[in-house]
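**Q** The structure file target18.cif (mmCIF, C-alpha atoms and all ligand atoms) is provided below.
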data_protein
#
loop_
_atom_site.label_atom_id
_atom_site.label_comp_id
_atom_site.auth_asym_id
_atom_site.auth_seq_id
_atom_site.Cartn_x
_atom_site.Cartn_y
_atom_site.Cartn_z
CA MET A 1 -14.56 -30.02 70.52
CA SER A 2 -12.49 -28.93 73.50
CA SER A 3 -13.67 -26.24 75.84
CA SER A 4 -12.11 -22.86 75.33
CA PRO A 5 -9.78 -21.27 77.88
CA VAL A 6 -11.33 -17.93 76.93
CA GLN A 7 -13.29 -16.87 79.97
CA SER A 8 -16.25 -14.60 79.77
CA GLU A 9 -15.80 -11.50 81.88
CA ALA A 10 -17.04 -11.63 85.44
CA VAL A 11 -20.54 -10.22 85.34
CA ALA A 12 -20.71 -7.12 87.48
CA SER A 13 -23.94 -6.33 89.26
CA PRO A 14 -25.76 -3.29 87.78
CA ALA A 15 -24.64 -1.27 90.81
CA ASP A 16 -20.96 -2.21 90.29
CA HIS A 17 -21.25 -1.46 86.61
CA SER A 18 -22.59 2.05 87.06
CA GLN A 19 -19.87 2.69 89.66
CA PHE A 20 -17.28 1.51 87.13
CA LEU A 21 -18.72 3.89 84.51
CA VAL A 22 -18.65 6.83 86.92
CA GLU A 23 -15.00 6.12 87.78
CA GLN A 24 -14.15 5.71 84.11
CA TRP A 25 -15.93 8.97 83.37
CA GLU A 26 -13.91 10.83 85.99
CA CYS A 27 -10.75 9.50 84.38
CA TRP A 28 -11.94 10.65 80.92
CA GLU A 29 -12.91 14.08 82.26
CA ALA A 30 -9.40 14.43 83.68
CA MET A 31 -7.91 13.38 80.37
CA THR A 32 -9.72 16.07 78.41
CA ARG A 33 -8.80 18.68 81.05
CA ASN A 34 -5.12 17.77 80.69
CA TYR A 35 -4.83 17.06 76.97
CA GLY A 36 -7.76 18.98 75.47
CA SER A 37 -10.89 17.92 73.68
CA PRO A 38 -11.27 16.01 71.48
CA CYS A 39 -8.82 13.27 72.41
CA TYR A 40 -8.45 9.52 72.05
CA GLY A 41 -7.87 7.31 75.08
CA TYR A 42 -6.49 3.77 74.66
CA ASP A 43 -6.73 1.42 77.61
CA ALA A 44 -3.68 -0.87 77.81
CA GLU A 45 -5.52 -3.36 80.03
CA THR A 46 -8.14 -3.88 77.33
CA ILE A 47 -5.45 -4.41 74.70
CA GLU A 48 -3.92 -7.05 76.95
CA LYS A 49 -7.28 -8.76 77.45
CA ARG A 50 -8.01 -8.96 73.70
CA ALA A 51 -4.51 -10.15 72.76
CA THR A 52 -4.57 -12.83 75.45
CA GLU A 53 -7.98 -14.03 74.20
CA LEU A 54 -6.96 -14.19 70.56
CA LEU A 55 -3.59 -15.83 71.23
CA SER A 56 -5.38 -18.41 73.31
CA VAL A 57 -8.05 -19.13 70.68
CA LEU A 58 -5.34 -19.58 68.05
CA SER A 59 -3.19 -21.77 70.29
CA PRO A 60 -4.10 -25.12 68.65
CA ALA A 61 -2.43 -23.88 65.45
CA PRO A 62 1.03 -25.46 65.23
CA GLN A 63 3.91 -22.98 65.36
CA ARG A 64 1.36 -20.17 65.55
CA ARG A 65 2.36 -16.53 65.05
CA LEU A 66 -0.03 -13.60 65.45
CA PHE A 67 0.84 -10.42 63.59
CA TYR A 68 -0.54 -7.04 64.63
CA SER A 69 -1.70 -5.04 61.59
CA PHE A 70 -0.30 -1.57 62.16
CA LYS A 71 -2.81 -0.13 59.70
CA ALA A 72 -5.46 -0.41 62.43
CA ASN A 73 -3.52 1.88 64.76
CA PRO A 74 0.15 2.69 64.22
CA LEU A 75 0.71 4.36 67.58
CA PRO A 76 4.06 3.02 68.87
CA SER A 77 2.86 2.73 72.48
CA VAL A 78 -0.14 0.64 71.39
CA ALA A 79 2.13 -1.60 69.30
CA GLN A 80 4.58 -1.84 72.21
CA GLU A 81 1.86 -3.32 74.42
CA LEU A 82 1.08 -5.95 71.78
CA LYS A 83 4.74 -6.72 71.25
CA SER A 84 5.18 -7.36 74.96
CA LEU A 85 2.32 -9.89 74.77
CA GLY A 86 3.91 -11.85 71.92
CA CYS A 87 2.40 -10.26 68.79
CA GLU A 88 4.61 -9.50 65.80
CA ALA A 89 4.34 -6.68 63.28
CA GLU A 90 2.42 -6.69 59.99
CA LEU A 91 3.60 -3.62 58.08
CA THR A 92 2.82 -2.00 54.75
CA SER A 93 4.67 1.31 54.52
CA VAL A 94 7.81 3.24 55.35
CA GLY A 95 5.86 5.05 58.10
CA GLU A 96 4.73 1.78 59.65
CA ILE A 97 8.33 0.52 59.64
CA GLY A 98 9.23 3.67 61.60
CA ALA A 99 6.40 3.04 64.06
CA ALA A 100 7.43 -0.61 64.50
CA LYS A 101 11.03 0.45 65.17
CA ALA A 102 9.82 2.98 67.72
CA ALA A 103 7.77 0.23 69.39
CA GLY A 104 10.86 -1.98 69.62
CA CYS A 105 9.45 -4.69 67.31
CA GLU A 106 11.85 -7.25 65.92
CA LEU A 107 11.83 -6.37 62.22
CA GLY A 108 13.52 -9.64 61.24
CA ARG A 109 10.31 -11.40 62.34
CA ALA A 110 7.89 -8.81 60.92
CA LEU A 111 5.89 -9.21 57.71
CA TYR A 112 5.90 -6.57 54.96
CA GLY A 113 3.14 -6.55 52.36
CA GLY A 114 0.60 -4.55 50.40
CA PRO A 115 0.00 -3.85 46.71
CA GLY A 116 2.01 -1.73 44.25
CA LYS A 117 5.44 -1.97 45.84
CA GLY A 118 8.45 -0.61 43.93
CA VAL A 119 12.16 -1.42 44.19
CA SER A 120 13.08 1.58 46.36
CA GLU A 121 10.40 0.79 48.97
CA TYR A 122 11.57 -2.83 49.11
CA ARG A 123 15.20 -1.70 49.44
CA HIS A 124 14.24 0.52 52.38
CA ALA A 125 12.41 -2.40 54.02
CA ILE A 126 15.39 -4.74 53.53
CA GLN A 127 17.81 -2.10 54.84
CA SER A 128 15.54 -1.79 57.90
CA GLY A 129 16.02 -5.51 58.59
CA LEU A 130 12.85 -7.01 57.11
CA ILE A 131 13.18 -10.54 55.74
CA HIS A 132 9.57 -11.72 55.32
CA PHE A 133 7.41 -10.33 52.54
CA SER A 134 3.93 -10.95 51.20
CA VAL A 135 3.97 -10.35 47.47
CA GLU A 136 0.88 -9.50 45.44
CA SER A 137 1.86 -9.64 41.77
CA LEU A 138 4.54 -10.80 39.35
CA LEU A 139 5.90 -7.28 38.99
CA SER A 140 6.11 -6.85 42.77
CA LEU A 141 7.94 -10.19 42.99
CA ARG A 142 10.43 -9.05 40.34
CA ASN A 143 10.86 -5.74 42.19
CA LEU A 144 11.51 -7.59 45.46
CA SER A 145 14.05 -9.81 43.74
CA THR A 146 15.81 -6.76 42.21
CA ALA A 147 15.84 -5.01 45.61
CA ALA A 148 17.18 -8.08 47.44
CA GLU A 149 19.94 -8.55 44.85
CA ALA A 150 20.87 -4.85 45.07
CA GLU A 151 21.09 -5.19 48.88
CA GLY A 152 23.01 -8.48 48.58
CA ARG A 153 20.52 -10.27 50.81
CA THR A 154 18.19 -13.25 50.43
CA VAL A 155 14.62 -12.65 51.57
CA GLU A 156 11.54 -14.85 51.95
CA ALA A 157 8.16 -14.37 50.31
CA LEU A 158 4.61 -15.59 50.71
CA LEU A 159 2.48 -15.35 47.58
CA ARG A 160 -0.78 -13.51 48.31
CA MET A 161 -3.75 -14.99 46.48
CA ASN A 162 -7.02 -13.51 45.30
CA PRO A 163 -9.12 -16.68 45.20
CA ASP A 164 -11.93 -17.36 42.75
CA SER A 165 -14.80 -16.88 45.18
CA PRO A 166 -15.47 -14.43 48.07
CA PRO A 167 -16.24 -15.16 51.73
CA LYS A 168 -19.30 -13.88 53.58
CA ALA A 169 -17.57 -10.77 54.99
CA LYS A 170 -18.70 -7.17 55.52
CA LEU A 171 -15.79 -5.99 53.38
CA ALA A 172 -14.67 -8.93 51.23
CA MET A 173 -11.15 -8.29 50.01
CA SER A 174 -10.77 -11.59 48.20
CA GLY A 175 -12.73 -13.45 45.56
CA VAL A 176 -13.79 -10.14 44.00
CA ALA A 177 -12.06 -8.06 41.33
CA SER A 178 -9.35 -6.12 43.17
CA GLN A 179 -5.75 -4.95 43.19
CA PHE A 180 -4.91 -7.45 45.94
CA GLY A 181 -2.94 -10.63 45.30
CA PHE A 182 -2.26 -12.99 42.42
CA GLU A 183 -5.30 -14.53 40.77
CA GLU A 184 -5.86 -18.12 41.93
CA ASP A 185 -5.51 -19.36 38.39
CA GLU A 186 -2.20 -17.51 37.94
CA LEU A 187 -0.68 -19.25 40.97
CA LEU A 188 -1.94 -22.66 39.91
CA THR A 189 -0.78 -22.49 36.27
CA ARG A 190 2.24 -20.17 35.99
CA GLY A 191 4.67 -21.83 38.35
CA GLN A 192 7.74 -21.49 36.17
CA THR A 193 7.18 -17.75 35.51
CA ILE A 194 6.73 -17.18 39.25
CA ARG A 195 9.91 -19.10 40.12
CA GLU A 196 11.84 -17.12 37.52
CA ALA A 197 10.51 -13.81 38.91
CA ALA A 198 11.65 -14.84 42.42
CA GLY A 199 15.13 -15.63 41.08
CA LYS A 200 18.01 -16.46 43.40
CA PHE A 201 17.36 -13.77 45.99
CA VAL A 202 13.75 -14.55 46.94
CA THR A 203 12.91 -17.87 48.59
CA LEU A 204 9.24 -18.74 48.22
CA THR A 205 7.89 -20.10 51.49
CA GLY A 206 4.09 -20.08 51.45
CA LEU A 207 0.69 -18.60 50.74
CA HIS A 208 -1.07 -15.53 52.15
CA LEU A 209 -4.83 -15.22 51.92
CA TYR A 210 -6.68 -12.36 53.58
CA TRP A 211 -10.36 -13.02 52.93
CA GLY A 212 -11.83 -9.86 54.37
CA THR A 213 -12.50 -7.88 57.47
CA GLN A 214 -15.30 -8.16 60.07
CA ILE A 215 -16.03 -11.86 59.49
CA ASP A 216 -18.25 -12.26 62.53
CA ASP A 217 -19.39 -15.80 61.93
CA THR A 218 -17.05 -18.53 63.20
CA GLU A 219 -18.21 -21.08 60.66
CA THR A 220 -17.39 -18.74 57.77
CA LEU A 221 -14.00 -18.01 59.28
CA LEU A 222 -13.24 -21.70 59.65
CA ASN A 223 -14.34 -22.39 56.06
CA CYS A 224 -11.97 -19.64 54.93
CA PHE A 225 -9.09 -21.14 56.90
CA GLU A 226 -9.77 -24.66 55.59
CA LYS A 227 -9.87 -23.34 52.03
CA THR A 228 -6.63 -21.42 52.61
CA ALA A 229 -4.86 -24.55 53.87
CA SER A 230 -5.96 -26.57 50.87
CA LEU A 231 -4.98 -23.82 48.39
CA ALA A 232 -1.59 -23.41 50.08
CA VAL A 233 -0.78 -27.08 49.56
CA GLN A 234 -1.85 -26.86 45.89
CA VAL A 235 0.11 -23.66 45.22
CA ALA A 236 3.30 -24.97 46.82
CA LYS A 237 3.02 -28.04 44.62
CA SER A 238 2.22 -26.23 41.38
CA VAL A 239 4.82 -23.46 41.82
CA GLY A 240 7.31 -25.96 43.21
CA PHE A 241 8.54 -24.94 46.66
CA PRO A 242 8.44 -26.60 50.10
CA LEU A 243 5.52 -25.18 52.08
CA ARG A 244 6.90 -23.61 55.26
CA ALA A 245 4.31 -21.00 56.22
CA ILE A 246 0.66 -20.18 55.64
CA ASN A 247 -0.71 -16.75 56.42
CA PHE A 248 -4.41 -17.38 57.09
CA GLY A 249 -5.17 -13.65 57.40
CA GLY A 250 -7.88 -13.03 59.96
CA GLY A 251 -10.91 -10.81 59.75
CA PHE A 252 -11.71 -11.25 63.47
CA ALA A 253 -14.63 -8.92 64.04
CA TRP A 254 -15.28 -6.12 66.53
CA PRO A 255 -17.94 -3.34 66.39
CA TYR A 256 -16.86 0.04 65.07
CA ALA A 257 -17.84 3.14 67.08
CA HIS A 258 -20.70 1.18 68.65
CA SER A 259 -21.01 -0.34 72.09
CA GLY A 260 -20.82 -4.13 72.27
CA SER A 261 -18.23 -6.77 71.62
CA GLY A 262 -17.06 -9.14 68.88
CA SER A 263 -18.74 -12.47 68.41
CA GLY A 264 -17.26 -15.25 70.53
CA LEU A 265 -14.29 -17.00 69.01
CA GLN A 266 -14.43 -20.08 71.22
CA GLU A 267 -15.67 -22.40 68.48
CA LEU A 268 -12.80 -21.34 66.28
CA GLN A 269 -10.42 -23.00 68.68
CA GLY A 270 -12.01 -26.42 68.27
CA GLY A 271 -12.07 -26.05 64.49
CA LEU A 272 -8.39 -25.13 64.43
CA GLU A 273 -7.63 -28.20 66.54
CA LEU A 274 -9.29 -30.38 63.90
CA LEU A 275 -7.56 -28.61 61.02
CA SER A 276 -4.16 -28.89 62.68
CA GLY A 277 -4.40 -32.68 62.34
CA ALA A 278 -4.05 -32.54 58.52
CA SER A 279 -0.88 -34.37 57.57
CA ALA A 280 0.06 -31.92 54.78
CA LEU A 281 0.19 -29.11 57.34
CA GLN A 282 2.71 -30.58 59.72
CA ASN A 283 5.97 -28.62 59.99
CA VAL A 284 4.23 -25.56 58.55
CA GLU A 285 4.04 -22.28 60.49
CA TRP A 286 0.50 -20.88 60.84
CA TRP A 287 0.36 -17.12 60.71
CA PHE A 288 -2.62 -14.89 61.50
CA GLU A 289 -3.13 -11.14 61.24
CA SER A 290 -5.39 -8.89 63.25
CA GLY A 291 -5.87 -5.19 63.71
CA ARG A 292 -9.36 -4.42 64.87
CA TYR A 293 -9.91 -7.37 67.23
CA LEU A 294 -6.71 -6.53 69.09
CA VAL A 295 -7.16 -2.79 69.53
CA ALA A 296 -10.69 -1.58 68.65
CA SER A 297 -12.11 -2.10 72.13
CA SER A 298 -9.27 -0.25 73.84
CA GLY A 299 -10.08 3.07 72.20
CA THR A 300 -12.57 5.79 73.11
CA LEU A 301 -12.93 9.15 71.38
CA LEU A 302 -13.78 11.88 73.88
CA THR A 303 -15.50 14.94 72.50
CA ARG A 304 -17.42 17.97 73.74
CA VAL A 305 -20.68 19.45 72.54
CA MET A 306 -20.15 22.82 70.84
CA GLU A 307 -23.71 23.69 69.94
CA LEU A 308 -27.25 22.41 69.45
CA LYS A 309 -28.83 23.87 66.35
CA GLU A 310 -32.27 23.51 64.84
CA SER A 311 -32.76 23.63 61.10
CA LYS A 312 -35.95 22.96 59.19
CA GLY A 313 -37.40 20.74 61.85
CA ARG A 314 -34.19 18.78 62.57
CA LEU A 315 -31.86 19.08 65.51
CA PHE A 316 -28.09 19.08 64.89
CA LEU A 317 -25.63 18.21 67.64
CA LEU A 318 -22.38 19.97 66.72
CA LEU A 319 -19.28 18.37 68.25
CA ASP A 320 -15.62 19.39 68.32
CA THR A 321 -14.82 16.23 66.37
CA GLY A 322 -15.93 14.68 63.08
CA ILE A 323 -14.71 12.73 60.07
CA HIS A 324 -11.24 14.34 60.30
CA HIS A 325 -10.73 12.43 63.58
CA LEU A 326 -12.93 9.39 63.14
CA GLY A 327 -13.50 7.08 60.22
CA GLY A 328 -13.21 9.78 57.60
CA MET A 329 -12.84 7.12 54.94
CA SER A 330 -16.57 6.56 55.28
CA GLY A 331 -17.19 10.20 54.46
CA LEU A 332 -15.45 9.58 51.17
CA GLY A 333 -17.58 6.55 50.40
CA ARG A 334 -14.70 4.15 51.15
CA ILE A 335 -16.86 2.05 53.44
CA PRO A 336 -20.61 2.16 54.05
CA ARG A 337 -21.75 5.09 56.15
CA PHE A 338 -21.72 4.36 59.82
CA SER A 339 -23.48 5.78 62.80
CA VAL A 340 -21.76 6.16 66.16
CA ASP A 341 -23.00 5.45 69.65
CA LEU A 342 -22.61 8.35 72.08
CA ILE A 343 -22.08 7.58 75.76
CA THR A 344 -23.14 10.42 78.05
CA ASP A 345 -22.14 11.27 81.62
CA PRO A 346 -23.51 8.41 83.79
CA GLY A 347 -23.60 10.78 86.76
CA LYS A 348 -26.23 12.92 85.02
CA SER A 349 -28.46 10.15 83.76
CA ASN A 350 -31.22 10.78 86.36
CA ASP A 351 -32.87 13.17 83.96
CA ASP A 352 -34.31 10.84 81.36
CA SER A 353 -35.45 13.41 78.82
CA LYS A 354 -34.19 12.42 75.37
CA MET A 355 -33.62 14.11 72.05
CA VAL A 356 -33.18 12.95 68.47
CA VAL A 357 -30.18 14.48 66.70
CA ASP A 358 -27.96 14.37 63.67
CA VAL A 359 -24.38 14.34 64.97
CA VAL A 360 -22.08 16.60 62.98
CA GLY A 361 -18.65 18.20 63.26
CA GLN A 362 -16.88 21.46 62.48
CA LEU A 363 -15.82 20.76 58.90
CA CYS A 364 -17.33 22.77 56.06
CA THR A 365 -18.97 19.80 54.35
CA PRO A 366 -22.27 18.02 54.90
CA LEU A 367 -20.25 14.79 54.74
CA ASP A 368 -19.02 15.63 58.23
CA CYS A 369 -21.83 13.71 59.85
CA ILE A 370 -21.17 10.73 62.13
CA ALA A 371 -24.74 9.77 63.06
CA LYS A 372 -28.20 10.52 61.74
CA ARG A 373 -31.38 10.74 63.79
CA ILE A 374 -30.09 8.96 66.88
CA GLU A 375 -31.81 9.27 70.23
CA ILE A 376 -29.60 10.32 73.13
CA PRO A 377 -30.09 11.82 76.61
CA ARG A 378 -30.42 15.61 76.51
CA VAL A 379 -26.98 17.29 76.50
CA GLY A 380 -25.81 20.85 75.95
CA PRO A 381 -22.73 22.93 75.05
CA GLY A 382 -19.64 21.93 77.03
CA ASP A 383 -20.87 18.43 77.91
CA LEU A 384 -18.46 15.55 77.43
CA LEU A 385 -19.42 12.57 75.25
CA ALA A 386 -17.59 9.31 74.56
CA ILE A 387 -17.59 7.24 71.37
CA PRO A 388 -16.65 3.62 72.18
CA ASN A 389 -14.74 0.94 70.24
CA VAL A 390 -12.63 3.25 68.10
CA GLY A 391 -9.13 2.00 68.91
CA ALA A 392 -8.86 0.63 65.34
CA TYR A 393 -9.31 2.69 62.18
CA GLY A 394 -10.09 5.80 64.23
CA ALA A 395 -7.57 8.63 63.98
CA THR A 396 -5.44 6.82 61.43
CA ALA A 397 -8.28 6.18 58.96
CA SER A 398 -9.59 9.73 58.93
CA VAL A 399 -9.22 12.67 56.57
CA GLY A 400 -6.94 14.33 59.11
CA ALA A 401 -5.51 17.10 56.94
CA PHE A 402 -8.83 18.41 55.65
CA LEU A 403 -9.57 21.94 56.89
CA SER A 404 -6.30 22.04 58.83
CA ARG A 405 -7.76 21.46 62.26
CA PRO A 406 -5.38 20.12 64.92
CA ALA A 407 -5.10 16.36 65.41
CA PRO A 408 -6.46 15.07 68.73
CA ALA A 409 -4.06 13.94 71.44
CA GLU A 410 -3.87 10.14 71.74
CA ILE A 411 -3.35 8.88 75.26
CA VAL A 412 -2.38 5.35 76.25
CA TYR A 413 -3.27 4.60 79.87
CA ARG A 414 -3.44 1.75 82.33
CA GLY A 415 -5.80 2.30 85.25
CA GLU A 416 -5.14 5.86 86.35
CA GLN A 417 -1.62 5.93 84.97
CA VAL A 418 -0.88 7.67 81.68
CA LEU A 419 1.74 5.62 79.79
CA ALA A 420 2.23 7.84 76.74
CA VAL A 421 0.68 10.74 74.88
CA HIS A 422 1.06 11.28 71.14
CA ARG A 423 -0.30 13.62 68.51
CA LEU A 424 -0.29 13.03 64.75
CA ARG A 425 1.71 15.74 62.95
CA THR A 426 -0.29 17.91 60.58
CA GLY A 427 0.63 20.90 58.43
CA HIS A 428 3.14 21.34 55.64
CA GLU A 429 6.89 20.91 55.98
CA GLU A 430 9.27 22.98 53.87
CA TRP A 431 10.71 20.94 50.99
CA THR A 432 14.23 21.78 52.21
CA ASN A 433 13.52 20.01 55.53
CA LEU A 434 12.40 16.80 53.88
CA SER A 435 14.83 13.90 53.78
C1 LIG B 1 -3.88 -7.84 54.31
C2 LIG B 1 -4.56 -7.36 55.54
N1 LIG B 1 -4.19 -7.89 56.73
C3 LIG B 1 -4.77 -7.51 57.88
C4 LIG B 1 -5.75 -6.52 57.90
C5 LIG B 1 -6.34 -6.12 59.22
O1 LIG B 1 -7.69 -6.37 59.28
P1 LIG B 1 -8.52 -6.25 60.65
O2 LIG B 1 -8.15 -4.93 61.23
O3 LIG B 1 -9.94 -6.31 60.26
O4 LIG B 1 -8.08 -7.35 61.54
C6 LIG B 1 -6.15 -5.93 56.70
C7 LIG B 1 -7.20 -4.89 56.69
O5 LIG B 1 -7.64 -4.38 55.70
C8 LIG B 1 -5.54 -6.35 55.49
O6 LIG B 1 -5.86 -5.80 54.32
#
Now that the file is in, can you turn its structure into structure tokens?
**A**
Amino acid sequence: MSSSPVQSEAVASPADHSQFLVEQWECWEAMTRNYGSPCYGYDAETIEKRATELLSVLSPAPQRRLFYSFKANPLPSVAQELKSLGCEAELTSVGEIGAAKAAGCELGRALYGGPGKGVSEYRHAIQSGLIHFSVESLLSLRNLSTAAEAEGRTVEALLRMNPDSPPKAKLAMSGVASQFGFEEDELLTRGQTIREAAGKFVTLTGLHLYWGTQIDDTETLLNCFEKTASLAVQVAKSVGFPLRAINFGGGFAWPYAHSGSGSGLQELQGGLELLSGASALQNVEWWFESGRYLVASSGTLLTRVMELKESKGRLFLLLDTGIHHLGGMSGLGRIPRFSVDLITDPGKSNDDSKMVVDVVGQLCTPLDCIAKRIEIPRVGPGDLLAIPNVGAYGATASVGAFLSRPAPAEIVYRGEQVLAVHRLRTGHEEWTNLS
């Protein structure tokens, strides 16, 4: 196995590290003074670091392409950073097409997928310049074919598979009953029906298999990729098309709203080197997708303490943020409940008195709780806190419209320089203004 070019970060001495935190804190304080609290900060240097690492780990893959999954964070300035580093766009909606255009992505190289797509959505995507599609069912394939014919254009499609068995992932999206992808059996036995659905306007080019998210064990990831390669060869043969591309998905892990980092990907590189030797995979493009690995670590949610309140023997830390700004899907039971880490002002950490709190927000629901019984340094109203590793599935995955509170500003910065500031629109438009 070859050694990885991924370098571990230079280890700062404890003194350097605390100095770094103090400087970072000053920058965050300035951000909330200028753009209000709560707000999200995204560090462009961190995005660059993660993208460089992942591109390097995937480099043994022949004709490798890495797609950025806009669902993790559709902010155009975040996507623009990734585009400048060589990532392409993985899109699933009209809104994400708009964001990719705003980021200057080349839509002719982007990938458009997702379940339940109708003819009009496909026509919009084709009109926008998309050529590559991941298709999840026979009806979607027919709809794509109808849309391509109506637009007078030929497009290319990968068939997304839901394989027979799941991986060991925190949120397995394959190998379980779901709305995602063709069943394995369907792809291996209904070749003629699939070819007929594609018709003359859709060229079948490969297989797409997204096993799940947060796969933090390299061996599992490699097993998934090996299985994908073998299934792709079988599907191309049984459906009857030359295999030109395999989308291996991803699932590259990173903590959510907790300090820390993803598990090392170095061993993946050696495994990919071995896999790339397979003769059936020569002249095939290898595609990968990632959202959270690329952007999670860049993002910090800055929030201020509104109140400390005691109730029936428990202490509640009320913040000016909550599930409408962060991971609201968990509040709705979409993913297991999570608990955030709160970073406090490093300049004040001399006082080591601690308190145990439930961390809640301003929404009128007990679901608006982002941590239970965590121990943190003593803080009070007005103090600034930072929630780390929320650059992916933060603002965009929250119940933003609930209770009509304003969206937080989202600031992309590099060092001390602010590159862009955005804010998600909320509120109702008049029907007459809608296009
Ligand atoms: C098909 C597909 N691709 C890519 C992703 C991005 O996953 P992650 O952000 O974990 O890299 C997802 C996430 O759900 C997905 O469903």
**Q** Ligand LIG 1 (chain B): which residues are within 6 Å, counting all atoms listed in the file, as a list in words?
**A**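 Final answer, ordered by chain and number: Ser69, Ala72, Tyr210, Thr213, Gln214, Gly249, Gly250, Gly251, Phe252, Glu289, Ser290, Gly291, Arg292 and Tyr293 of chain A.
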**Q** Counting only C-alpha atoms, find residues at most 10 Å from (-5.9, 14.0, 72.4) (file frame) and give them as a ChimeraX atom specification.
**A** /A:31-32,34-41,301-303,406-411,421-424
**Q** Taking into account all atoms listed in the file, which residue in the set A:Leu222, A:Ile387, A:Leu130, A:Leu207 is nearest to Pro242 of chain A?
**A** A:Leu207
**Q** Tell me, as a list in words, which residues lie within 9 Å of Gln127 of chain A, counting all atoms listed in the file; anything in the same chain fewer than 4 positions away does not count.
**A**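 Neighbouring residues, sequence-local ones excluded: Tyr122, Arg123 and Glu151 of chain A.
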**Q** Write out as a PyMOL selection string which residues come within 6 Å of Glu88 of chain A when counting only C-alpha atoms, dropping same-chain ones fewer than 3 positions away.
**A** chain A and resi 67-68+110
**Q** Mind dumping the selected residues with C-alpha atoms as a compact mmCIF listing (two decimals), in the coordinates of the input?
**A**
# COMPACT_ATOMS: atom_id res chain seq x y z
CA PHE A 67 0.84 -10.42 63.59
CA TYR A 68 -0.54 -7.04 64.63
CA ALA A 110 7.89 -8.81 60.92
**Q** If you measure from atom CA of Asn283 of chain A to atom CA of Thr154 of chain A, what distance in Å do you get, rounded to one decimal?
**A**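 Atom CA of Thr154 of chain A lies at a distance of 21.8 Å from atom CA of Asn283 of chain A.
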**Q** At a cut-off of 7 Å around the point (-15.5, -18.1, 65.3) (file coordinates), what residues fall inside when counting all atoms listed in the file? I'd like the answer as number ranges by chain.
**A** A: 217-219, 221, 264-268
**Q** To one decimal place, how far is atom CA of Trp254 of chain A from atom CA of Phe133 of chain A in Å?
**A**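 It comes out at 27.0 Å.
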**Q** At a cut-off of 9 Å, using all atoms listed in the file, what residues contact Leu419 of chain A? Leave out same-chain residues fewer than 6 positions from it and give the result as an MDAnalysis selection string.
**A** chainID A and resid 44 77 411:413
**Q** Counting all atoms listed in the file, figure out which residue out of A:Leu75, A:Leu281, A:Leu326, A:Ala125 gets nearest to Arg244 of chain A.
**A**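 Nearest candidate to Arg244 of chain A out of A:Leu75, A:Leu281, A:Leu326, A:Ala125: A:Leu281.
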**Q** Fewer than 4 positions away in the same chain doesn't count, so skip those; otherwise give me all residues within 6 Å of Arg160 of chain A, counting all atoms listed in the file, as a list of chain:residue names.
**A**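 Near neighbours after the sequence-gap exclusion: A:Val135, A:Glu136, A:Gly181, A:Leu207, A:His208, A:Leu209.
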**Q** Considering only C-alpha atoms, can you say which of A:Val94, A:Leu272, A:Ala197, A:Leu363 comes closest to Pro60 of chain A?
**A** A:Leu272
**Q** What is the atom CA of Gly380 of chain A to atom CA of Arg33 of chain A distance in Å?
**A**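 A separation of 17.9 Å between them.
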**Q** Let me make sure I understand: among A:Leu111, A:Ala79, A:Leu308, A:Ile131, which one has the smallest atom-to-atom distance to Ala392 of chain A if we use all atoms listed in the file?
**A** A:Ala79
**Q** Using all atoms listed in the file, pick whichever of A:Phe182, A:Glu156, A:Glu81, A:Cys27 has the shortest atom-to-atom distance to Gly114 of chain A.
**A** A:Phe182
**Q** So, with all atoms listed in the file as the atoms that count, which of A:Gly400, A:Pro381, A:Gly206, A:Gly394 lies closest to Trp287 of chain A?
**A**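 Of A:Gly400, A:Pro381, A:Gly206, A:Gly394, the one nearest Trp287 of chain A is A:Gly206, counting all atoms listed in the file.
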**Q** How would segment 100-113 of chain A look written as a JSON list (two decimals), in the first residue's frame with C-alpha atoms?
**A**
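Saved the output as result06.json:
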[["chain", "number", "residue", "atom", "x", "y", "z"],
["A", 100, "ALA", "CA", -24.82, 26.17, -9.18],
["A", 101, "LYS", "CA", -25.34, 28.77, -11.90],
["A", 102, "ALA", "CA", -24.66, 31.54, -9.39],
["A", 103, "ALA", "CA", -21.46, 29.74, -8.37],
["A", 104, "GLY", "CA", -20.34, 29.58, -12.00],
["A", 105, "CYS", "CA", -20.41, 25.76, -12.17],
["A", 106, "GLU", "CA", -20.29, 24.14, -15.58],
["A", 107, "LEU", "CA", -23.76, 22.60, -15.80],
["A", 108, "GLY", "CA", -22.80, 20.42, -18.78],
["A", 109, "ARG", "CA", -20.50, 18.51, -16.40],
["A", 110, "ALA", "CA", -22.88, 18.51, -13.41],
["A", 111, "LEU", "CA", -24.96, 15.54, -12.28],
["A", 112, "TYR", "CA", -28.71, 15.80, -11.67],
["A", 113, "GLY", "CA", -30.48, 13.16, -9.59]]
